[in-house]
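A.B. asks: Provided herewith: target.txt, compact mmCIF, C-alpha atoms.
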# COMPACT_ATOMS: atom_id res chain seq x y z
CA MET A 1 -113.82 -74.64 -90.65
CA ILE A 2 -114.67 -71.24 -89.12
CA ASP A 3 -112.07 -68.91 -90.60
CA SER A 4 -114.07 -66.24 -92.39
CA LEU A 5 -116.71 -63.64 -91.61
CA GLN A 6 -119.18 -65.28 -93.98
CA SER A 7 -118.91 -68.68 -92.28
CA VAL A 8 -119.53 -67.11 -88.87
CA ILE A 9 -122.61 -65.25 -90.09
CA ALA A 10 -123.90 -68.36 -91.85
CA GLN A 11 -123.76 -70.35 -88.59
CA THR A 12 -124.79 -67.69 -86.08
CA GLY A 13 -126.89 -65.27 -88.15
CA PRO A 14 -130.35 -66.78 -87.53
CA GLN A 15 -129.79 -67.22 -83.78
CA LEU A 16 -128.25 -63.77 -83.31
CA LYS A 17 -130.74 -62.06 -85.67
CA LEU A 18 -127.98 -60.76 -87.92
CA ARG A 19 -128.55 -59.38 -91.41
CA TRP A 20 -126.34 -57.69 -93.95
CA LEU A 21 -126.67 -53.91 -94.36
CA THR A 22 -124.19 -53.93 -97.21
CA PRO A 23 -123.95 -56.64 -99.88
CA GLU A 24 -122.36 -59.84 -98.62
CA PRO A 25 -118.72 -59.88 -99.82
CA GLN A 26 -118.09 -62.25 -102.71
CA LYS A 27 -114.55 -62.93 -101.49
CA GLN A 28 -114.08 -64.70 -98.15
CA ARG A 29 -113.18 -62.09 -95.52
CA ALA A 30 -110.66 -63.45 -93.00
CA LEU A 31 -111.51 -63.05 -89.32
CA HIS A 32 -107.91 -62.77 -88.20
CA GLY A 33 -106.81 -60.56 -91.07
CA THR A 34 -103.63 -60.81 -93.12
CA CYS A 35 -101.51 -57.93 -91.80
CA PRO A 36 -99.08 -58.42 -88.86
CA GLU A 37 -100.92 -55.78 -86.81
CA HIS A 38 -104.13 -57.80 -87.14
CA ALA A 39 -102.58 -60.57 -85.04
CA ARG A 40 -102.61 -58.25 -82.03
CA GLN A 41 -106.28 -57.36 -82.38
CA SER A 42 -108.97 -59.01 -80.31
CA LEU A 43 -111.68 -60.64 -82.36
CA ILE A 44 -114.75 -58.85 -81.02
CA GLY A 45 -115.66 -55.97 -78.76
CA SER A 46 -117.40 -52.62 -78.49
CA LEU A 47 -116.27 -49.77 -80.74
CA ASN A 48 -112.59 -49.10 -80.07
CA CYS A 49 -110.35 -46.95 -82.23
CA ILE A 50 -107.27 -47.21 -79.99
CA HIS A 51 -107.14 -51.01 -79.74
CA PRO A 52 -109.47 -51.92 -82.60
CA ASN A 53 -111.32 -55.21 -82.75
CA ARG A 54 -111.68 -57.30 -85.88
CA LEU A 55 -115.45 -57.26 -85.33
CA GLN A 56 -116.34 -53.78 -84.12
CA ILE A 57 -119.67 -53.63 -82.27
CA VAL A 58 -121.60 -50.35 -82.23
CA GLY A 59 -124.33 -50.32 -79.60
CA GLN A 60 -126.65 -47.63 -78.31
CA GLN A 61 -123.99 -46.03 -76.11
CA GLU A 62 -121.49 -45.83 -78.99
CA GLN A 63 -124.12 -44.40 -81.31
CA ARG A 64 -125.01 -41.69 -78.77
CA TYR A 65 -121.31 -40.85 -78.43
CA LEU A 66 -120.86 -40.56 -82.19
CA ALA A 67 -124.01 -38.48 -82.57
CA ALA A 68 -122.72 -35.98 -79.99
CA LEU A 69 -119.46 -35.38 -81.88
CA GLY A 70 -118.94 -32.37 -84.06
CA GLN A 71 -118.61 -32.95 -87.78
CA THR A 72 -114.80 -32.79 -87.77
CA ALA A 73 -114.42 -35.15 -84.76
CA PHE A 74 -117.03 -37.49 -86.23
CA ASN A 75 -115.19 -37.73 -89.55
CA GLU A 76 -111.85 -38.32 -87.79
CA THR A 77 -113.34 -41.07 -85.60
CA ILE A 78 -115.13 -42.84 -88.43
CA GLY A 79 -112.10 -42.48 -90.68
CA LYS A 80 -109.88 -44.10 -88.05
CA LEU A 81 -112.43 -46.89 -87.55
CA PHE A 82 -112.44 -47.88 -91.21
CA ALA A 83 -108.71 -47.22 -91.73
CA ASP A 84 -107.99 -50.05 -89.26
CA ASP A 85 -109.69 -52.42 -91.74
CA PRO A 86 -112.08 -54.31 -89.44
CA ALA A 87 -113.54 -57.57 -90.71
CA ALA A 88 -116.97 -56.00 -90.20
CA VAL A 89 -118.85 -53.40 -88.19
CA ILE A 90 -121.99 -54.71 -86.48
CA PHE A 91 -124.77 -52.42 -85.24
CA THR A 92 -126.96 -53.67 -82.40
CA ASP A 93 -130.37 -52.91 -80.89
CA GLY A 94 -131.91 -52.70 -84.37
CA ILE A 95 -130.66 -49.13 -84.90
CA GLU A 96 -129.43 -48.65 -88.46
CA PRO A 97 -126.40 -46.42 -89.20
CA ASP A 98 -126.75 -43.07 -90.88
CA ALA A 99 -125.76 -42.34 -94.46
CA ALA A 100 -122.21 -41.26 -93.49
CA PHE A 101 -121.46 -44.72 -92.09
CA LEU A 102 -122.77 -46.38 -95.22
CA ASP A 103 -120.66 -44.07 -97.39
CA TYR A 104 -117.45 -44.82 -95.44
CA ALA A 105 -118.21 -48.55 -95.53
CA LYS A 106 -118.67 -48.44 -99.32
CA ARG A 107 -115.45 -46.50 -99.86
CA HIS A 108 -113.41 -48.89 -97.65
CA GLN A 109 -115.31 -52.01 -98.76
CA THR A 110 -116.05 -52.91 -95.15
CA PRO A 111 -119.18 -55.00 -94.50
CA LEU A 112 -121.88 -53.63 -92.19
CA LEU A 113 -124.34 -55.85 -90.32
CA LEU A 114 -127.32 -55.27 -88.04
CA SER A 115 -128.69 -57.25 -85.11
CA THR A 116 -131.77 -56.63 -83.00
CA LEU A 117 -129.94 -58.00 -79.93
CA GLY A 118 -128.30 -55.72 -77.38
CA ASP A 119 -124.56 -55.15 -77.70
CA GLN A 120 -123.50 -57.19 -74.65
CA ASP A 121 -125.72 -60.12 -75.57
CA LEU A 122 -124.29 -60.14 -79.08
CA ILE A 123 -120.69 -59.84 -77.87
CA ASN A 124 -121.11 -62.62 -75.29
CA HIS A 125 -122.71 -65.02 -77.79
CA LEU A 126 -120.18 -64.35 -80.54
CA ARG A 127 -117.21 -64.49 -78.17
CA TYR A 128 -118.34 -67.87 -76.84
CA PHE A 129 -118.89 -69.18 -80.38
CA LEU A 130 -115.53 -67.94 -81.68
CA THR A 131 -113.61 -69.20 -78.63
CA HIS A 132 -114.77 -72.74 -79.36
CA ALA A 133 -114.76 -72.54 -83.16
CA LEU A 134 -111.22 -71.12 -83.44
CA ALA A 135 -109.59 -73.04 -80.60
CA ASP A 136 -106.47 -75.15 -81.23
CA CYS A 137 -107.60 -78.77 -81.58
CA ALA A 138 -106.08 -82.24 -81.39
CA THR A 139 -107.47 -85.76 -81.70
CA VAL A 140 -106.13 -88.33 -79.22
CA HIS A 141 -106.67 -92.08 -79.47
CA GLY A 142 -108.50 -93.36 -76.40
CA VAL A 143 -111.84 -93.41 -74.62
CA PHE A 144 -113.05 -90.19 -72.99
CA ILE A 145 -115.46 -90.69 -70.12
CA GLU A 146 -116.85 -88.69 -67.21
CA VAL A 147 -116.14 -90.26 -63.81
CA LEU A 148 -117.44 -88.59 -60.65
CA GLY A 149 -117.69 -85.27 -62.47
CA MET A 150 -114.12 -85.42 -63.84
CA GLY A 151 -113.19 -85.82 -67.50
CA VAL A 152 -110.98 -88.93 -67.71
CA LEU A 153 -109.16 -90.08 -70.85
CA LEU A 154 -108.35 -93.81 -70.94
CA VAL A 155 -105.33 -94.49 -73.15
CA GLY A 156 -103.13 -97.50 -73.82
CA ASN A 157 -102.07 -99.95 -76.50
CA PRO A 158 -104.71 -101.56 -78.73
CA ALA A 159 -106.59 -104.46 -77.08
CA VAL A 160 -105.41 -103.47 -73.61
CA GLY A 161 -109.04 -103.19 -72.46
CA LYS A 162 -109.94 -99.50 -72.71
CA SER A 163 -113.42 -100.07 -74.15
CA GLU A 164 -114.22 -102.93 -71.76
CA LEU A 165 -113.21 -100.71 -68.83
CA ALA A 166 -115.31 -97.85 -70.20
CA LEU A 167 -118.30 -100.19 -70.53
CA GLU A 168 -117.92 -101.31 -66.91
CA LEU A 169 -117.70 -97.69 -65.77
CA ILE A 170 -120.87 -96.88 -67.73
CA THR A 171 -122.69 -99.70 -65.90
CA ARG A 172 -121.54 -98.00 -62.68
CA ARG A 173 -123.45 -94.85 -63.77
CA HIS A 174 -120.54 -92.91 -65.25
CA ARG A 175 -120.94 -91.31 -68.70
CA LEU A 176 -119.38 -91.83 -72.12
CA ILE A 177 -118.22 -88.79 -74.08
CA ALA A 178 -116.18 -90.25 -76.94
CA ASP A 179 -114.68 -93.55 -78.02
CA ASP A 180 -111.63 -94.06 -80.21
CA ALA A 181 -111.04 -90.46 -81.38
CA PRO A 182 -112.02 -87.81 -78.81
CA ARG A 183 -111.32 -84.29 -80.04
CA PHE A 184 -109.80 -81.77 -77.62
CA ALA A 185 -109.84 -78.00 -78.02
CA ARG A 186 -107.91 -75.50 -75.90
CA ILE A 187 -110.66 -73.04 -74.97
CA ALA A 188 -108.58 -71.25 -72.30
CA PRO A 189 -104.84 -71.13 -71.49
CA GLU A 190 -105.09 -74.11 -69.10
CA VAL A 191 -108.37 -75.73 -70.20
CA LEU A 192 -108.93 -78.52 -72.73
CA GLN A 193 -112.50 -79.40 -73.66
CA GLY A 194 -113.17 -82.80 -75.15
CA THR A 195 -115.96 -83.67 -77.57
CA CYS A 196 -116.85 -86.53 -79.89
CA PRO A 197 -116.91 -86.40 -83.70
CA GLU A 198 -120.52 -86.36 -84.84
CA THR A 199 -120.26 -89.67 -86.69
CA LEU A 200 -118.97 -91.50 -83.58
CA ARG A 201 -121.27 -89.94 -80.99
CA ASP A 202 -123.00 -92.45 -78.63
CA PHE A 203 -121.04 -95.42 -80.03
CA LEU A 204 -118.54 -97.64 -78.21
CA GLU A 205 -116.62 -100.48 -79.86
CA VAL A 206 -116.06 -103.51 -77.65
CA ARG A 207 -114.06 -106.43 -79.05
CA GLY A 208 -116.26 -109.46 -79.45
CA LEU A 209 -119.47 -107.44 -79.22
CA GLY A 210 -118.90 -104.99 -82.05
CA ILE A 211 -120.37 -101.47 -82.05
CA LEU A 212 -122.67 -100.63 -79.14
CA ASN A 213 -125.03 -97.66 -79.01
CA ILE A 214 -124.63 -96.55 -75.40
CA ARG A 215 -127.50 -94.06 -75.54
CA ALA A 216 -129.90 -96.70 -76.84
CA MET A 217 -128.73 -99.33 -74.33
CA PHE A 218 -128.41 -97.25 -71.16
CA GLY A 219 -130.44 -94.10 -71.82
CA GLU A 220 -129.76 -90.39 -72.14
CA GLY A 221 -127.97 -90.21 -68.79
CA ALA A 222 -125.19 -92.53 -69.97
CA VAL A 223 -123.71 -90.11 -72.52
CA LEU A 224 -122.38 -86.57 -72.43
CA ARG A 225 -121.64 -84.19 -75.29
CA GLU A 226 -118.53 -82.45 -73.89
CA LYS A 227 -116.33 -82.27 -70.81
CA THR A 228 -113.14 -80.65 -69.59
CA LEU A 229 -110.16 -83.02 -69.57
CA ASN A 230 -108.92 -83.44 -65.99
CA LEU A 231 -107.00 -86.72 -65.87
CA ILE A 232 -105.35 -89.25 -68.18
CA ILE A 233 -105.17 -92.91 -67.14
CA ASP A 234 -102.65 -94.96 -69.12
CA LEU A 235 -103.46 -98.67 -69.01
CA GLN A 236 -100.21 -100.66 -69.20
CA PRO A 237 -99.43 -104.38 -68.74
CA LEU A 238 -96.28 -104.08 -66.59
CA ASN A 239 -93.77 -106.75 -65.67
CA GLN A 240 -92.55 -107.25 -62.11
CA GLU A 241 -89.50 -105.05 -62.59
CA GLN A 242 -91.65 -102.20 -63.88
CA LEU A 243 -94.09 -102.64 -61.01
CA ASN A 244 -91.26 -102.49 -58.48
CA SER A 245 -90.05 -99.20 -59.98
CA ILE A 246 -93.32 -97.41 -59.12
CA ASP A 247 -93.05 -95.28 -55.99
CA ARG A 248 -95.28 -96.91 -53.38
CA LEU A 249 -95.99 -93.60 -51.65
CA THR A 250 -96.64 -91.23 -54.55
CA GLY A 251 -97.68 -93.76 -57.20
CA SER A 252 -97.11 -93.14 -60.91
CA LEU A 253 -98.48 -89.60 -61.19
CA THR A 254 -96.80 -87.60 -63.96
CA ALA A 255 -98.10 -85.17 -66.60
CA THR A 256 -98.70 -85.25 -70.34
CA THR A 257 -98.83 -82.11 -72.47
CA ILE A 258 -101.62 -81.73 -75.02
CA LEU A 259 -101.85 -78.48 -77.00
CA GLY A 260 -99.48 -76.88 -74.51
CA VAL A 261 -101.60 -77.80 -71.49
CA ALA A 262 -100.15 -80.14 -68.84
CA ILE A 263 -102.67 -82.84 -67.88
CA PRO A 264 -102.08 -85.15 -64.86
CA LYS A 265 -101.44 -88.75 -65.94
CA ILE A 266 -101.49 -91.98 -63.96
CA VAL A 267 -100.01 -95.23 -65.26
CA MET A 268 -102.38 -98.00 -64.13
CA PRO A 269 -100.99 -101.56 -64.26
CA VAL A 270 -103.26 -104.04 -66.06
CA ALA A 271 -103.21 -107.60 -64.72
CA PRO A 272 -105.68 -110.46 -64.24
CA GLY A 273 -107.81 -110.07 -61.14
CA ARG A 274 -107.46 -106.30 -60.82
CA ASN A 275 -110.78 -104.46 -60.65
CA LEU A 276 -109.89 -101.57 -62.92
CA ALA A 277 -113.24 -99.81 -62.62
CA ILE A 278 -112.84 -99.47 -58.85
CA LEU A 279 -109.22 -98.41 -59.31
CA VAL A 280 -110.23 -95.70 -61.79
CA GLU A 281 -112.85 -94.38 -59.37
CA ALA A 282 -110.23 -94.38 -56.59
CA ALA A 283 -107.73 -92.59 -58.86
CA VAL A 284 -110.32 -89.91 -59.66
CA ARG A 285 -111.24 -89.43 -55.98
CA HIS A 286 -107.54 -89.19 -55.15
CA GLN A 287 -107.02 -86.58 -57.87
CA ILE A 288 -109.98 -84.56 -56.58
CA LEU A 289 -108.34 -84.50 -53.14
CA ARG A 290 -105.06 -83.35 -54.71
CA ILE A 291 -106.87 -80.50 -56.46
CA ARG A 292 -108.33 -79.50 -53.09
CA GLY A 293 -104.84 -79.45 -51.58
CA TYR A 294 -104.70 -82.83 -49.83
CA ASP A 295 -102.16 -85.55 -50.71
CA ALA A 296 -102.41 -88.84 -48.82
CA GLY A 297 -98.72 -89.66 -49.47
CA VAL A 298 -97.57 -86.38 -47.92
CA ASP A 299 -99.99 -86.86 -45.02
CA PHE A 300 -98.63 -90.38 -44.42
CA ILE A 301 -95.01 -89.16 -44.43
CA ASP A 302 -95.87 -86.35 -42.00
CA ARG A 303 -97.68 -88.80 -39.69
CA GLN A 304 -94.69 -91.16 -39.65
CA ALA A 305 -92.36 -88.26 -38.92
CA ARG A 306 -94.52 -87.20 -35.97
CA ALA A 307 -94.61 -90.77 -34.63
CA ILE A 308 -90.82 -91.04 -34.84
CA SER A 309 -90.36 -87.74 -33.03
CA ILE A 310 -92.64 -88.95 -30.21
CA ASP A 311 -90.87 -92.31 -29.87
CA ARG A 312 -87.46 -90.70 -30.03
CA PRO A 313 -87.73 -87.29 -28.45
CA ASP A 314 -84.86 -84.89 -28.75
CA PRO A 315 -82.27 -85.38 -25.95
CA PRO A 316 -82.51 -82.89 -23.12
CA VAL A 317 -80.32 -79.84 -23.32
CA VAL A 318 -77.45 -80.00 -20.80
CA ARG A 319 -76.89 -76.60 -19.23
CA ARG A 320 -73.49 -75.75 -17.79
Kindly present the structure from the file in structure tokens form.
C.D. replies:
Amino acid sequence: MIDSLQSVIAQTGPQLKLRWLTPEPQKQRALHGTCPEHARQSLIGSLNCIHPNRLQIVGQQEQRYLAALGQTAFNETIGKLFADDPAAVIFTDGIEPDAAFLDYAKRHQTPLLLSTLGDQDLINHLRYFLTHALADCATVHGVFIEVLGMGVLLVGNPAVGKSELALELITRRHRLIADDAPRFARIAPEVLQGTCPETLRDFLEVRGLGILNIRAMFGEGAVLREKTLNLIIDLQPLNQEQLNSIDRLTGSLTATTILGVAIPKIVMPVAPGRNLAILVEAAVRHQILRIRGYDAGVDFIDRQARAISIDRPDPPVVRR
């Protein structure tokens, strides 16, 4: 779990060329902080004493600004920086801080780090890492697969045929992401990204066949590490009454909320003789058209309305 400064440095330090300028804290230092005002702070950004970041980055431009300040202004600025209790201050471009910085850091027990990367490169890498590492997550039972470039989650009751359908889609050159327990993280307000737990990656369980290694059977192109969730298909064995209740123009399109994000969902009836793989492909193509602003049901209704107006034109206006 990424919830402390030390865990972030342990995972990103070698790649981002980070090293400690002060001794590594013995106690875990929380990224989000413990005070109410910390909740309003952004996690990382360039030096900012008005809206301070939890990880304050000091690049070349900030160092030139600080060097140009008079002694009084410099002390006030540095004092405000450390008074806001950042999780750490990180210097970039390989330029080490002067003795005054080290003295303030020691007095406030604030860690200092150094990277040889430029400030924007460091910020972009750490922001991407933290966005994914700290995102809200949920595990949903189903099979997550990429179909025609869309992330599709197949759900339904046990033994309804999710894995068999996924296997057929894979043979049609679509790609498996996760079977049984895909993990979804909200990486943006309206974006869920799905991945597979490391222990389950590449595997698909099919009743009667057992565990299949899709990568070994079909090659590298048959699997994918992550994908945005775009559509949920709920496989349901429906009786005749339930089938009759489905709108024949608009279908069964609804929405399901996961981690506060509404995801389009289609209930797909399961019955002998139905080619579900083709139906899933058609559902995905139909959803792509909806995203682009076209809805076949609306188009059909408009076409019928135009035909009726031609066959039954408005009566002529009688002028007196």
A.B. asks: Nearest residue to A:Leu259 out of A:Glu24, A:Glu241, A:Glu226, A:Asp136, using only C-alpha atoms?
C.D. replies: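 Closest candidate: A:Asp136.
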A.B. asks: Need the shell around A:Ile44: protein/DNA/RNA residues with any atom at most 12 Å away, counting only C-alpha atoms. Skip same-chain ones fewer than 4 positions apart. Format as a PyMOL selection string?
C.D. replies: chain A and resi 5+31-32+48+51-58+86-90+119-120+122-131
A.B. asks: From the set A:Leu169, A:Leu117, A:His141, A:Leu66, which residue has the shortest atom-to-atom contact distance to A:Gly94, counting all atoms listed in the file?
C.D. replies: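 Closest to A:Gly94, using all atoms listed in the file: A:Leu117.
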A.B. asks: Using all atoms listed in the file, which of the listed residues (A:Ala296, A:Gln61, A:Ala100, A:Ile50) sits closest to A:Asp84?
C.D. replies: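 That would be A:Ile50, the residue with the smallest distance to A:Asp84.
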A.B. asks: Measuring between all atoms listed in the file, which one of A:Ile301, A:Leu81, A:Leu21, A:Val152 shows the shortest distance to A:Glu96?
C.D. replies: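 Closest to A:Glu96 of all the choices is A:Leu21.
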A.B. asks: For atom CA of A:Ala133 and atom CA of A:Asn230, determine how far apart the two atoms are, in Å to one decimal place.
C.D. replies: 21.2 Å
A.B. asks: Between atom CA of A:Ile177 and atom CA of A:Ala222, what distance in Å does the model show, to one decimal?
C.D. replies: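 For atom CA of A:Ile177 relative to atom CA of A:Ala222, the distance reads 8.9 Å.
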A.B. asks: Give me, as JSON, numbers by chain, all polymer residues having an atom no more than 6 Å from A:Leu114, counting only C-alpha atoms and skipping those fewer than 5 positions away in the same chain.
C.D. replies: {"A": [18, 19, 90, 91, 92]}
A.B. asks: What gap, in Å, lies between atom CA of A:Asp3 and atom CA of A:Ala30?
C.D. replies: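 Atom CA of A:Ala30 lies 6.1 Å from atom CA of A:Asp3.
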A.B. asks: Which residue gives the smallest distance to A:Arg207 among A:Leu192, A:Ile308, A:Ala159, A:Leu167, with only C-alpha atoms counted?
C.D. replies: A:Ala159
A.B. asks: Which residues come within 7 Å of A:Met268, counting only C-alpha atoms, excluding same-chain residues fewer than 5 positions away, as a list of chain:residue names?
C.D. replies: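 Within the cut-off, the hits are A:Ile233, A:Asp234, A:Leu235, A:Gln236.
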A.B. asks: Store the residues of this selection in a file with C-alpha atoms, as a compact mmCIF listing (two decimals), in the coordinates of the input.
C.D. replies:
# COMPACT_ATOMS: atom_id res chain seq x y z
CA ILE A 233 -105.17 -92.91 -67.14
CA ASP A 234 -102.65 -94.96 -69.12
CA LEU A 235 -103.46 -98.67 -69.01
CA GLN A 236 -100.21 -100.66 -69.20
A.B. asks: For A:Met217, which residue among A:Val270, A:Ile170, A:Asn75, A:Leu249 is the nearest when counting all atoms listed in the file?
C.D. replies: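 Checking each candidate against A:Met217, we get A:Ile170 as the closest.
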